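Novice: My structure is stored as final_32.csv, with CSV, C-alpha atoms and all ligand atoms.
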```
chain,number,residue,atom,x,y,z
A,1,MET,CA,24.8,13.0,6.1
A,2,SER,CA,21.3,11.8,5.1
A,3,LYS,CA,19.7,9.1,7.1
A,4,PHE,CA,18.1,7.4,4.1
A,5,ASP,CA,19.2,6.1,0.7
A,6,VAL,CA,15.9,4.5,-0.3
A,7,LEU,CA,12.3,5.4,0.2
A,8,ALA,CA,10.1,2.4,-0.6
A,9,PHE,CA,6.4,2.7,-1.2
A,10,ASP,CA,3.5,0.3,-1.2
A,11,ALA,CA,1.0,1.0,-4.1
A,12,ASP,CA,-2.6,-0.3,-3.4
A,13,ASP,CA,-4.3,2.1,-0.9
A,14,THR,CA,-1.1,4.0,-0.5
A,15,LEU,CA,-0.7,5.7,-3.9
A,16,TRP,CA,-4.2,4.9,-5.3
A,17,HIS,CA,-7.5,3.6,-4.2
A,18,CYS,CA,-7.9,-0.2,-4.3
A,19,GLU,CA,-9.6,-1.8,-1.3
A,20,SER,CA,-12.8,0.3,-1.8
A,21,LEU,CA,-13.2,-1.4,-5.1
A,22,PHE,CA,-13.2,-4.8,-3.4
A,23,GLN,CA,-15.6,-3.7,-0.7
A,24,ASP,CA,-18.0,-2.3,-3.3
A,25,THR,CA,-18.0,-5.5,-5.3
A,26,GLN,CA,-18.4,-7.5,-2.1
A,27,ALA,CA,-21.4,-5.5,-1.2
A,28,ARG,CA,-23.0,-6.4,-4.5
A,29,LEU,CA,-22.2,-10.1,-4.0
A,30,ILE,CA,-24.0,-9.9,-0.6
A,31,GLU,CA,-27.1,-8.5,-2.4
A,32,ILE,CA,-27.0,-11.3,-5.0
A,33,LEU,CA,-26.7,-14.0,-2.2
A,34,ASP,CA,-29.3,-12.3,0.0
A,35,GLN,CA,-31.9,-15.1,-0.7
A,36,TYR,CA,-29.5,-17.8,0.5
A,37,ALA,CA,-27.6,-16.3,3.5
A,38,ASP,CA,-27.3,-13.2,5.7
A,39,HIS,CA,-24.7,-10.5,5.3
A,40,GLU,CA,-22.3,-11.8,8.0
A,41,SER,CA,-22.4,-15.4,6.7
A,42,VAL,CA,-21.5,-14.3,3.2
A,43,THR,CA,-18.7,-12.1,4.4
A,44,ALA,CA,-17.2,-14.8,6.7
A,45,ARG,CA,-17.5,-17.5,4.0
A,46,LEU,CA,-15.9,-15.3,1.4
A,47,HIS,CA,-13.0,-14.5,3.7
A,48,ASP,CA,-12.4,-18.2,4.5
A,49,THR,CA,-12.6,-19.1,0.8
A,50,GLU,CA,-10.2,-16.4,-0.1
A,51,GLU,CA,-7.8,-17.3,2.7
A,52,SER,CA,-7.7,-21.0,1.7
A,53,ASN,CA,-7.3,-20.0,-2.0
A,54,ILE,CA,-4.4,-17.6,-1.5
A,55,ARG,CA,-1.8,-20.4,-1.6
A,56,LEU,CA,-3.1,-21.3,-5.1
A,57,PHE,CA,-4.3,-17.9,-6.5
A,58,GLY,CA,-2.2,-15.4,-4.7
A,59,PHE,CA,-3.6,-11.9,-4.0
A,60,GLY,CA,-5.5,-10.1,-6.8
A,61,ILE,CA,-8.7,-9.6,-8.6
A,62,LYS,CA,-8.7,-12.8,-10.6
A,63,GLY,CA,-8.3,-14.9,-7.4
A,64,PHE,CA,-11.0,-12.8,-5.7
A,65,THR,CA,-13.4,-13.4,-8.6
A,66,LEU,CA,-12.9,-17.2,-8.4
A,67,SER,CA,-13.4,-17.0,-4.7
A,68,MET,CA,-16.6,-15.1,-5.1
A,69,ILE,CA,-17.9,-17.7,-7.5
A,70,GLU,CA,-16.9,-20.6,-5.2
A,71,THR,CA,-18.6,-18.8,-2.3
A,72,ALA,CA,-21.8,-18.3,-4.3
A,73,ILE,CA,-22.0,-21.9,-5.3
A,74,GLU,CA,-21.4,-23.2,-1.8
A,75,ILE,CA,-23.5,-20.8,0.1
A,76,SER,CA,-26.5,-21.4,-2.3
A,77,ASP,CA,-26.0,-25.1,-1.9
A,78,ARG,CA,-25.3,-25.2,-5.7
A,79,LYS,CA,-28.6,-23.5,-6.5
A,80,ILE,CA,-27.1,-20.2,-7.7
A,81,SER,CA,-28.2,-19.5,-11.3
A,82,ALA,CA,-25.9,-19.2,-14.3
A,83,GLU,CA,-27.2,-15.7,-14.7
A,84,ASP,CA,-25.9,-14.8,-11.2
A,85,ILE,CA,-22.6,-16.5,-11.8
A,86,HIS,CA,-22.4,-14.5,-15.0
A,87,GLU,CA,-22.9,-11.3,-13.1
A,88,ILE,CA,-20.2,-12.2,-10.6
A,89,THR,CA,-17.8,-12.9,-13.4
A,90,MET,CA,-18.6,-9.5,-15.0
A,91,MET,CA,-18.1,-7.8,-11.7
A,92,GLY,CA,-14.5,-9.2,-11.6
A,93,LYS,CA,-13.9,-8.1,-15.1
A,94,ALA,CA,-15.2,-4.6,-14.3
A,95,MET,CA,-12.8,-4.4,-11.4
A,96,LEU,CA,-9.8,-5.2,-13.7
A,97,ASP,CA,-11.0,-2.6,-16.2
A,98,SER,CA,-11.9,0.1,-13.8
A,99,PRO,CA,-10.0,3.4,-14.0
A,100,LEU,CA,-7.3,4.0,-11.4
A,101,GLU,CA,-7.9,6.8,-8.9
A,102,LEU,CA,-4.7,8.3,-7.5
A,103,PHE,CA,-4.7,9.9,-4.1
A,104,GLU,CA,-4.4,13.7,-4.1
A,105,GLY,CA,-0.9,15.1,-4.5
A,106,VAL,CA,0.8,11.7,-5.1
A,107,ASP,CA,2.6,12.8,-8.2
A,108,GLU,CA,4.0,16.0,-6.5
A,109,VAL,CA,5.1,14.1,-3.4
A,110,LEU,CA,7.0,11.5,-5.5
A,111,GLU,CA,8.5,14.1,-7.7
A,112,GLU,CA,9.8,16.0,-4.8
A,113,LEU,CA,11.3,13.0,-3.0
A,114,ALA,CA,12.7,11.5,-6.2
A,115,SER,CA,15.0,14.5,-6.5
A,116,ARG,CA,16.7,13.5,-3.2
A,117,TYR,CA,16.3,9.8,-2.8
A,118,SER,CA,16.1,6.6,-4.7
A,119,LEU,CA,12.4,5.5,-4.8
A,120,PHE,CA,11.2,1.8,-4.8
A,121,LEU,CA,7.7,0.6,-5.5
A,122,ILE,CA,7.0,-2.7,-3.8
A,123,THR,CA,3.5,-4.0,-4.3
A,124,LYS,CA,1.9,-7.4,-3.7
A,125,GLY,CA,-0.4,-9.3,-5.9
A,126,ASP,CA,-1.0,-10.6,-9.4
A,127,ASN,CA,1.7,-9.5,-11.8
A,128,MET,CA,-0.6,-8.6,-14.7
A,129,ASP,CA,-3.0,-6.8,-12.5
A,130,GLN,CA,-0.3,-4.8,-10.7
A,131,TYR,CA,1.6,-3.9,-13.9
A,132,ASN,CA,-1.6,-2.7,-15.5
A,133,LYS,CA,-2.3,-0.4,-12.6
A,134,ILE,CA,1.3,0.9,-12.6
A,135,GLU,CA,0.9,1.7,-16.2
A,136,LYS,CA,-2.5,3.4,-15.7
A,137,SER,CA,-1.0,5.4,-12.8
A,138,ASP,CA,1.6,7.1,-14.9
A,139,LEU,CA,3.9,7.1,-11.9
A,140,ALA,CA,6.5,4.6,-13.0
A,141,HIS,CA,9.1,7.2,-14.1
A,142,HIS,CA,9.5,8.3,-10.4
A,143,PHE,CA,10.8,4.9,-9.3
A,144,ASN,CA,14.3,3.4,-9.6
A,145,GLU,CA,12.9,-0.1,-8.9
A,146,ILE,CA,9.5,-1.6,-9.2
A,147,ASP,CA,8.8,-5.0,-7.7
A,148,VAL,CA,5.6,-7.1,-7.7
A,149,VAL,CA,5.9,-9.7,-4.9
A,150,LEU,CA,3.7,-12.6,-3.9
A,151,LYS,CA,4.1,-12.0,-0.2
A,152,LYS,CA,5.3,-9.1,1.9
A,153,ASP,CA,7.2,-10.7,4.7
A,154,VAL,CA,10.7,-10.4,6.2
A,155,PRO,CA,12.4,-12.9,3.9
A,156,THR,CA,10.9,-11.3,0.8
A,157,TYR,CA,12.0,-7.8,1.8
A,158,HIS,CA,15.4,-9.1,2.9
A,159,ASP,CA,16.0,-10.7,-0.5
A,160,LEU,CA,14.7,-7.8,-2.4
A,161,PHE,CA,16.9,-5.3,-0.7
A,162,ALA,CA,19.9,-7.6,-1.1
A,163,GLU,CA,19.1,-7.9,-4.8
A,164,HIS,CA,19.1,-4.1,-5.2
A,165,LYS,CA,22.2,-3.8,-3.0
A,166,THR,CA,20.2,-1.6,-0.5
A,167,ASP,CA,20.9,-1.3,3.2
A,168,PRO,CA,17.5,-1.8,5.0
A,169,HIS,CA,18.8,0.4,7.9
A,170,ARG,CA,18.9,3.3,5.5
A,171,THR,CA,15.5,2.6,4.0
A,172,LEU,CA,12.1,4.0,4.9
A,173,MET,CA,9.0,2.2,3.8
A,174,THR,CA,5.6,3.8,3.5
A,175,GLY,CA,2.3,2.0,3.3
A,176,ASN,CA,-1.2,1.5,4.5
A,177,SER,CA,-0.7,-1.9,6.0
A,178,ILE,CA,1.0,-2.5,9.4
A,179,PRO,CA,1.6,-6.2,8.8
A,180,SER,CA,2.8,-5.9,5.2
A,181,ASP,CA,4.5,-2.5,4.9
A,182,VAL,CA,5.6,-1.6,8.4
A,183,LEU,CA,6.5,-4.6,10.6
A,184,PRO,CA,8.9,-6.3,8.2
A,185,ILE,CA,11.0,-3.2,7.6
A,186,LEU,CA,11.2,-2.5,11.3
A,187,GLU,CA,12.4,-6.0,11.9
A,188,LEU,CA,15.1,-5.5,9.2
A,189,GLY,CA,16.3,-2.3,10.9
A,190,GLY,CA,14.7,0.3,8.7
A,191,TRP,CA,11.9,2.9,9.2
A,192,GLY,CA,8.2,2.2,8.8
A,193,VAL,CA,5.6,4.9,8.1
A,194,HIS,CA,1.9,4.0,8.2
A,195,VAL,CA,-0.6,6.0,6.2
A,196,PRO,CA,-4.0,4.5,7.1
A,197,TYR,CA,-6.7,4.0,4.5
A,198,TYR,CA,-10.3,4.2,5.5
A,199,VAL,CA,-11.0,0.5,4.8
A,200,VAL,CA,-8.7,-2.3,5.8
A,201,ALA,CA,-8.6,-5.6,3.9
A,202,SER,CA,-9.4,-8.5,6.2
A,203,PHE,CA,-5.9,-9.9,5.6
A,204,GLU,CA,-4.2,-6.6,6.6
A,205,LYS,CA,-5.9,-6.0,10.0
A,206,HIS,CA,-3.7,-5.6,13.0
A,207,GLY,CA,-4.1,-5.3,16.7
A,208,ASN,CA,-1.9,-2.9,18.6
A,209,ASP,CA,0.4,-0.4,17.0
A,210,PRO,CA,4.1,-1.4,16.9
A,211,LYS,CA,6.0,0.1,19.9
A,212,HIS,CA,9.1,1.1,18.0
A,213,SER,CA,11.3,4.2,17.8
A,214,ARG,CA,11.5,3.8,14.0
A,215,PHE,CA,7.7,3.7,13.5
A,216,ARG,CA,5.7,6.8,12.4
A,217,ARG,CA,2.2,7.5,11.3
A,218,ILE,CA,1.0,10.3,9.0
A,219,ASP,CA,-2.7,10.9,8.1
A,220,ARG,CA,-2.0,11.4,4.4
A,221,LEU,CA,0.8,10.9,2.0
A,222,SER,CA,1.3,14.6,1.3
A,223,ARG,CA,2.7,14.8,4.9
A,224,LEU,CA,5.6,12.5,4.0
A,225,PRO,CA,8.2,15.1,2.7
A,226,GLU,CA,7.7,17.1,5.9
A,227,LEU,CA,8.1,14.0,8.1
A,228,ILE,CA,11.3,13.0,6.2
A,229,ARG,CA,12.7,16.5,6.7
A,230,GLN,CA,12.0,16.2,10.5
A,231,LEU,CA,13.7,12.8,10.6
A,232,GLU,CA,16.7,14.0,8.7
A,233,ASP,CA,17.1,17.0,11.1
A,234,GLY,CA,16.4,15.0,14.3
B,1,MG,MG,-1.6,-1.5,0.4
```
Transcribe the structure of this file into structure tokens.
Ligand SMILES: [Mg+2]
Specialist:
Amino acid sequence: MSKFDVLAFDADDTLWHCESLFQDTQARLIEILDQYADHESVTARLHDTEESNIRLFGFGIKGFTLSMIETAIEISDRKISAEDIHEITMMGKAMLDSPLELFEGVDEVLEELASRYSLFLITKGDNMDQYNKIEKSDLAHHFNEIDVVLKKDVPTYHDLFAEHKTDPHRTLMTGNSIPSDVLPILELGGWGVHVPYYVVASFEKHGNDPKHSRFRRIDRLSRLPELIRQLEDG
């Protein structure tokens, strides 16, 4: 008998590039604010501003854009020009409008796994932003369930699996974030697979790896079918 009923996937930086877009935009913000503060101060201030705004804006590009503007106004001591604010606003719009870049082999991996398992997509962030990306990705047809959530914590996953009548013990979740994609599912009794992305959002950083028998790491998503075969045989 199979070990798993459901394979759940994160989307941003798991199926497609995302954080690199934020980092590139942030690098341009640092250039714009160069005359007011050094690189480290801008990075730290932006992080603090974003963190304090998450409660109000949630995760996503719109909230990030507002946080960039707030940071620019504060770090320049309100001297930032309207021209620069305009550029920052346009940077946010360009992010929302940018083409989606899927990781290599994603479509094939999902196609193969969808023939044997029920696939869920569980992504965090702004509804409109996430559904736009899902549409651009052309991957929606592989998934039995698609959920955009505000937080990725244990209660959220618990409620979501309950809603979909899914046993978390028979679920394997794959994602690029240890705190958001791996730890909650381990705590709920399922399997967590980490696929690292080369940049990690400041909110998704983690210390030590989980010491857990149901934790695995693969270096790229195309290794997932092979890992699942090994787990089913083991
Ligand atoms: Mg992610």
Novice: Name the residues in contact with Gln35 of chain A at a cut-off of 12 Å, using all atoms listed in the file, excluding same-chain residues fewer than 4 positions from it; report them as a list in words.
Specialist: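 So, after excluding close chain neighbours, the residues are Leu29, Ile30, Glu31, His39, Val42, Ala72, Ile75, Ser76, Asp77, Lys79 and Ile80 of chain A.
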Novice: Between atom CA of Phe64 of chain A and atom CA of Phe22 of chain A, measure the distance and give it in Å to one decimal.
Specialist: 8.6 Å
Novice: List all protein, DNA and RNA residues that have at least one atom no more than 7 Å from any atom of ligand MG 1 (chain B), counting all atoms listed in the file, and write them as a list in words.
Specialist: Asp10, Ala11, Asp12, Asp13, Thr14, Gly175, Asn176 and Ser177 of chain A
Novice: Provide the atom CA of Glu40 of chain A to atom CA of Val199 of chain A distance in Å, to one decimal place.
Specialist: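 Separation between atom CA of Glu40 of chain A and atom CA of Val199 of chain A: 17.0 Å.
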Novice: Please compute the atom CA of Glu145 of chain A-atom CA of Asp233 of chain A distance, one decimal, in Å.
Specialist: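 Going from atom CA of Glu145 of chain A over to atom CA of Asp233 of chain A covers 26.6 Å.
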Novice: Around the point (-5.0, -20.0, -5.6) (coordinates from the file), which residues reach within 12 Å if we count all atoms listed in the file? Answer as a list in words.
Specialist: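 Those residues lying close to the given coordinates are Thr49, Glu50, Glu51, Ser52, Asn53, Ile54, Arg55, Leu56, Phe57, Gly58, Phe59, Gly60, Ile61, Lys62, Gly63, Phe64, Thr65, Leu66, Ser67, Glu70, Gly125, Asp126 and Leu150 of chain A.
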Novice: Could you give me, as a list in words, the residues within 8 Å of Glu204 of chain A, counting all atoms listed in the file and dropping anything in the same chain fewer than 6 positions from it?
Specialist: Ser177, Ile178, Pro179 and Ser180 of chain A
Novice: Kindly export the residues of the current selection with C-alpha atoms, as a short mmCIF file (atom, residue, chain, number, x, y, z; two decimals), in the coordinates of the input.
Specialist:
```
data_model
loop_
_atom_site.label_atom_id
_atom_site.label_comp_id
_atom_site.auth_asym_id
_atom_site.auth_seq_id
_atom_site.Cartn_x
_atom_site.Cartn_y
_atom_site.Cartn_z
CA SER A 177 -0.70 -1.90 6.00
CA ILE A 178 1.00 -2.50 9.40
CA PRO A 179 1.60 -6.20 8.80
CA SER A 180 2.80 -5.90 5.20
#
```
Novice: Could you produce a table of the residues of segment 4-24 of chain A lying within 12 Å of segment 157-168 of chain A, with the nearest pair of atoms per residue and their separation in Å rounded to one decimal, using only C-alpha atoms, ordered by chain and increasing residue number, as CSV?
Specialist:
```
residue,atom,partner,partner_atom,distance
A:Phe4,CA,A:Asp167,CA,9.2
A:Asp5,CA,A:Thr166,CA,7.9
A:Val6,CA,A:Thr166,CA,7.5
A:Leu7,CA,A:Pro168,CA,10.1
A:Ala8,CA,A:Pro168,CA,10.2
```
Novice: Of the residues A:His141, A:Lys133, A:His194, A:Lys124, which is the one nearest to Pro99 of chain A, using all atoms listed in the file?
Specialist: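 The shortest atom-to-atom distance to Pro99 of chain A comes from A:Lys133.
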Novice: Which polymer residues have any atom within 8 Å of an atom of segment 189-193 of chain A, counting only C-alpha atoms, with same-chain residues fewer than 3 positions away left out, as a PDB file with C-alpha atoms, in the frame of the given file?
Specialist:
```pdb
ATOM      1  CA  PRO A 168      17.500  -1.800   5.000  1.00  0.00           C
ATOM      2  CA  HIS A 169      18.800   0.400   7.900  1.00  0.00           C
ATOM      3  CA  ARG A 170      18.900   3.300   5.500  1.00  0.00           C
ATOM      4  CA  THR A 171      15.500   2.600   4.000  1.00  0.00           C
ATOM      5  CA  LEU A 172      12.100   4.000   4.900  1.00  0.00           C
ATOM      6  CA  MET A 173       9.000   2.200   3.800  1.00  0.00           C
ATOM      7  CA  THR A 174       5.600   3.800   3.500  1.00  0.00           C
ATOM      8  CA  GLY A 175       2.300   2.000   3.300  1.00  0.00           C
ATOM      9  CA  ASP A 181       4.500  -2.500   4.900  1.00  0.00           C
ATOM     10  CA  VAL A 182       5.600  -1.600   8.400  1.00  0.00           C
ATOM     11  CA  LEU A 183       6.500  -4.600  10.600  1.00  0.00           C
ATOM     12  CA  ILE A 185      11.000  -3.200   7.600  1.00  0.00           C
ATOM     13  CA  LEU A 186      11.200  -2.500  11.300  1.00  0.00           C
ATOM     14  CA  ARG A 214      11.500   3.800  14.000  1.00  0.00           C
ATOM     15  CA  PHE A 215       7.700   3.700  13.500  1.00  0.00           C
ATOM     16  CA  ARG A 216       5.700   6.800  12.400  1.00  0.00           C
ATOM     17  CA  ARG A 217       2.200   7.500  11.300  1.00  0.00           C
ATOM     18  CA  ILE A 218       1.000  10.300   9.000  1.00  0.00           C
TER      19      ILE A 218
END
```
Novice: Can you work out which one of A:Asp107, A:Leu113, A:Glu87, A:Leu96 has the shortest atom-to-atom distance to Tyr131 of chain A, counting only C-alpha atoms?
Specialist: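 Of the candidates, the smallest distance to Tyr131 of chain A is held by A:Leu96.
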Novice: Which residue, A:Asn132, A:Val148, A:Tyr36, A:Ser202, has the smallest gap to Asp48 of chain A when you use all atoms listed in the file?
Specialist: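 So, comparing all the options, the nearest one is A:Ser202.
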